[in-house]
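Reproduced below: data23.tsv, with TSV, C-alpha atoms.
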```tsv
chain	number	residue	atom	x	y	z
A	78	MET	CA	8.00	-28.34	12.64
A	79	ASN	CA	5.74	-25.49	13.76
A	80	ASN	CA	1.95	-25.64	13.18
A	81	GLY	CA	2.50	-28.17	10.37
A	82	ILE	CA	4.93	-25.95	8.46
A	83	HIS	CA	8.37	-27.35	7.80
A	84	GLU	CA	11.47	-25.18	8.04
A	85	VAL	CA	12.08	-25.80	4.33
A	86	ASP	CA	8.64	-24.38	3.54
A	87	ILE	CA	9.37	-21.29	5.64
A	88	GLU	CA	12.73	-20.85	3.96
A	89	GLU	CA	11.16	-21.09	0.49
A	90	LEU	CA	8.37	-18.68	1.47
A	91	PHE	CA	10.97	-16.26	2.84
A	92	HIS	CA	12.92	-16.48	-0.42
A	93	VAL	CA	9.83	-15.89	-2.59
A	94	ILE	CA	8.76	-12.91	-0.50
A	95	GLN	CA	12.27	-11.43	-0.70
A	96	VAL	CA	12.38	-11.82	-4.49
A	97	LEU	CA	8.92	-10.30	-4.91
A	98	SER	CA	9.79	-7.44	-2.57
A	99	ARG	CA	12.96	-6.59	-4.49
A	100	GLN	CA	11.22	-6.79	-7.84
A	101	PHE	CA	8.30	-4.69	-6.62
A	102	ASN	CA	10.72	-2.05	-5.31
A	103	VAL	CA	12.42	-1.95	-8.72
A	104	LEU	CA	9.02	-1.49	-10.31
A	105	LEU	CA	8.15	1.32	-7.91
A	106	ARG	CA	11.48	3.07	-8.55
A	107	HIS	CA	10.69	2.99	-12.25
A	108	CYS	CA	7.03	4.08	-12.04
A	109	LEU	CA	6.87	6.55	-9.16
A	110	PRO	CA	9.38	9.28	-10.13
A	111	CYS	CA	7.39	10.15	-13.25
A	112	HIS	CA	4.48	10.92	-10.90
A	113	ASN	CA	6.66	12.92	-8.47
A	114	ILE	CA	5.80	10.65	-5.56
A	115	ASN	CA	7.72	8.18	-3.40
A	116	SER	CA	6.73	4.70	-2.23
A	117	VAL	CA	5.51	5.79	1.22
A	118	GLU	CA	3.35	8.54	-0.28
A	119	CYS	CA	2.05	6.02	-2.80
A	120	SER	CA	1.11	3.67	0.06
A	121	ILE	CA	-0.67	6.48	1.89
A	122	LEU	CA	-2.68	7.43	-1.20
A	123	TYR	CA	-3.54	3.81	-1.89
A	124	GLU	CA	-4.74	3.17	1.67
A	125	LEU	CA	-6.75	6.38	1.78
A	126	LYS	CA	-8.22	5.67	-1.65
A	127	LYS	CA	-9.62	2.32	-0.54
A	128	SER	CA	-10.90	3.39	2.88
A	129	LYS	CA	-13.29	5.80	4.47
A	130	PRO	CA	-11.66	8.85	6.11
A	131	ILE	CA	-9.32	7.71	8.90
A	132	SER	CA	-7.24	9.29	11.63
A	133	LEU	CA	-3.50	9.81	11.33
A	134	ASN	CA	-2.93	7.21	14.08
A	135	ASP	CA	-4.98	4.61	12.19
A	136	LEU	CA	-3.19	5.41	8.93
A	137	ALA	CA	0.23	5.18	10.56
A	138	GLU	CA	-0.63	1.78	12.02
A	139	LEU	CA	-2.00	0.60	8.68
A	140	ILE	CA	1.18	1.45	6.76
A	141	GLY	CA	3.59	0.51	9.55
A	142	LEU	CA	5.03	3.92	10.42
A	143	ASP	CA	5.20	5.86	13.63
A	144	THR	CA	2.73	8.75	13.80
A	145	SER	CA	5.31	11.55	13.51
A	146	THR	CA	6.83	10.06	10.36
A	147	ALA	CA	3.41	9.45	8.81
A	148	SER	CA	2.48	13.04	9.70
A	149	ARG	CA	5.40	14.43	7.69
A	150	TYR	CA	4.43	12.42	4.62
A	151	VAL	CA	0.77	13.37	5.00
A	152	GLN	CA	1.69	17.05	5.29
A	153	LYS	CA	3.51	16.89	1.94
A	154	LEU	CA	0.48	15.23	0.36
A	155	VAL	CA	-1.85	17.84	1.87
A	156	GLU	CA	0.35	20.63	0.50
A	157	GLY	CA	0.24	18.96	-2.91
A	158	GLY	CA	-3.55	18.83	-2.86
A	159	LEU	CA	-3.58	15.01	-2.81
A	160	VAL	CA	-4.91	14.51	0.72
A	161	GLU	CA	-7.25	16.59	2.83
A	162	ARG	CA	-7.77	16.89	6.56
A	163	ARG	CA	-11.19	17.32	8.12
A	164	THR	CA	-12.38	17.46	11.68
A	165	ASP	CA	-14.29	14.36	12.72
A	166	PRO	CA	-17.93	15.46	13.16
A	167	ASN	CA	-18.33	12.92	15.99
A	168	ASP	CA	-15.22	14.00	17.90
A	169	ARG	CA	-13.83	17.46	17.18
A	170	ARG	CA	-10.49	16.47	18.74
A	171	VAL	CA	-9.86	14.01	15.90
A	172	THR	CA	-8.71	14.95	12.42
A	173	LEU	CA	-9.67	12.61	9.62
A	174	LEU	CA	-7.66	12.13	6.45
A	175	SER	CA	-9.07	11.38	3.03
A	176	VAL	CA	-7.76	11.33	-0.51
A	177	THR	CA	-8.79	14.17	-2.81
A	178	GLU	CA	-9.92	13.65	-6.38
A	179	LYS	CA	-6.42	14.72	-7.48
A	180	GLY	CA	-4.91	12.10	-5.15
A	181	ARG	CA	-7.33	9.44	-6.35
A	182	ASN	CA	-6.39	10.19	-9.96
A	183	LEU	CA	-2.68	10.07	-9.15
A	184	SER	CA	-3.04	6.74	-7.37
A	185	THR	CA	-4.91	5.34	-10.36
A	186	ALA	CA	-2.21	6.67	-12.72
A	187	VAL	CA	0.53	5.00	-10.65
A	188	ILE	CA	-1.28	1.65	-10.82
A	189	GLN	CA	-1.72	2.11	-14.58
A	190	SER	CA	1.99	2.90	-14.94
A	191	MET	CA	2.87	-0.31	-13.11
A	192	HIS	CA	0.47	-2.24	-15.33
A	193	ASP	CA	1.98	-0.69	-18.46
A	194	TYR	CA	5.52	-1.43	-17.29
A	195	LEU	CA	4.85	-5.13	-16.84
A	196	PRO	CA	2.03	-5.98	-19.25
A	197	GLU	CA	2.72	-9.75	-19.43
A	198	THR	CA	3.26	-10.30	-15.71
A	199	PHE	CA	-0.11	-11.93	-15.03
A	200	ASP	CA	-1.01	-13.13	-18.53
A	201	ASN	CA	-0.43	-16.81	-17.73
A	202	ILE	CA	-2.35	-16.75	-14.46
A	203	SER	CA	-6.12	-17.20	-14.56
A	204	LYS	CA	-8.25	-14.61	-12.84
A	205	GLU	CA	-9.39	-17.25	-10.33
A	206	ARG	CA	-5.81	-18.24	-9.44
A	207	LEU	CA	-4.78	-14.60	-9.12
A	208	ILE	CA	-7.70	-13.91	-6.78
A	209	ALA	CA	-6.81	-16.99	-4.71
A	210	LEU	CA	-3.16	-15.89	-4.57
A	211	CYS	CA	-4.15	-12.42	-3.37
A	212	GLU	CA	-6.43	-13.90	-0.72
A	213	GLU	CA	-3.68	-16.19	0.58
A	214	LEU	CA	-1.11	-13.37	0.64
A	215	LEU	CA	-3.57	-11.18	2.56
A	216	ILE	CA	-4.01	-13.94	5.14
A	217	ILE	CA	-0.23	-14.12	5.56
A	218	ALA	CA	0.09	-10.33	5.75
A	219	ARG	CA	-2.62	-10.08	8.41
A	220	LYS	CA	-1.00	-12.77	10.52
A	221	LEU	CA	2.42	-11.14	10.20
A	222	LYS	CA	0.94	-7.84	11.35
A	223	LYS	CA	-0.14	-9.35	14.70
```

Written form, structure tokens:
Amino acid sequence: MNNGIHEVDIEELFHVIQVLSRQFNVLLRHCLPCHNINSVECSILYELKKSKPISLNDLAELIGLDTSTASRYVQKLVEGGLVERRTDPNDRRVTLLSVTEKGRNLSTAVIQSMHDYLPETFDNISKERLIALCEELLIIARKLKK
């Protein structure tokens, strides 16, 4: 036993996360090609959409990539008009990234595609339970990131 969690509980949690991960990846493979975007680019747009402008280093850390890999994906998004780079007014050595209106619209369309693909997924879960589930999963994700 570790911190009150039994090995069986960890094994079941691992299994559930694996199943959800596989199913989410199937969903992404179905929804993303019609938007001409891959899952990493989708993650970048999503993170930039929900945040204030951030540096490439901060973005890379947020999505779990090394900076050079994140830079390549960002460059493609910049060339596609989905992300823009600006010099930080407080430190001219830093470049900040933000999503453009086109990128914001694409990110919204991807989410809508996922919603359309699985319309009954959350029908039997109350809004309150779904919010609680999201909060608990975020707690786990933040602890795993450490």

Hey, can you check how far atom CA of Cys108 of chain A sits from atom CA of Val155 of chain A?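 These two atoms are separated by 21.5 Å.
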
Determine the nearest neighbour of Asn134 of chain A from the options A:Leu104, A:Ile202, A:Leu109, A:Leu173, counting all atoms listed in the file.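 For Asn134 of chain A, the nearest of the given residues is A:Leu173.
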
Excluding same-chain residues fewer than 4 positions from Gly158 of chain A, what lies within 9 Å of it counting all atoms listed in the file, as a PyMOL selection string? chain A and resi 153-154+176-180

Could you tell me how far atom CA of Asp193 of chain A lies from atom CA of Ser128 of chain A, in Å and to one decimal? 25.3 Å

Nearest candidate to Leu136 of chain A (options A:Leu159, A:Ala218, A:Val187, A:Leu174; using only C-alpha atoms):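 Of the candidates, the smallest distance to Leu136 of chain A is held by A:Leu174.
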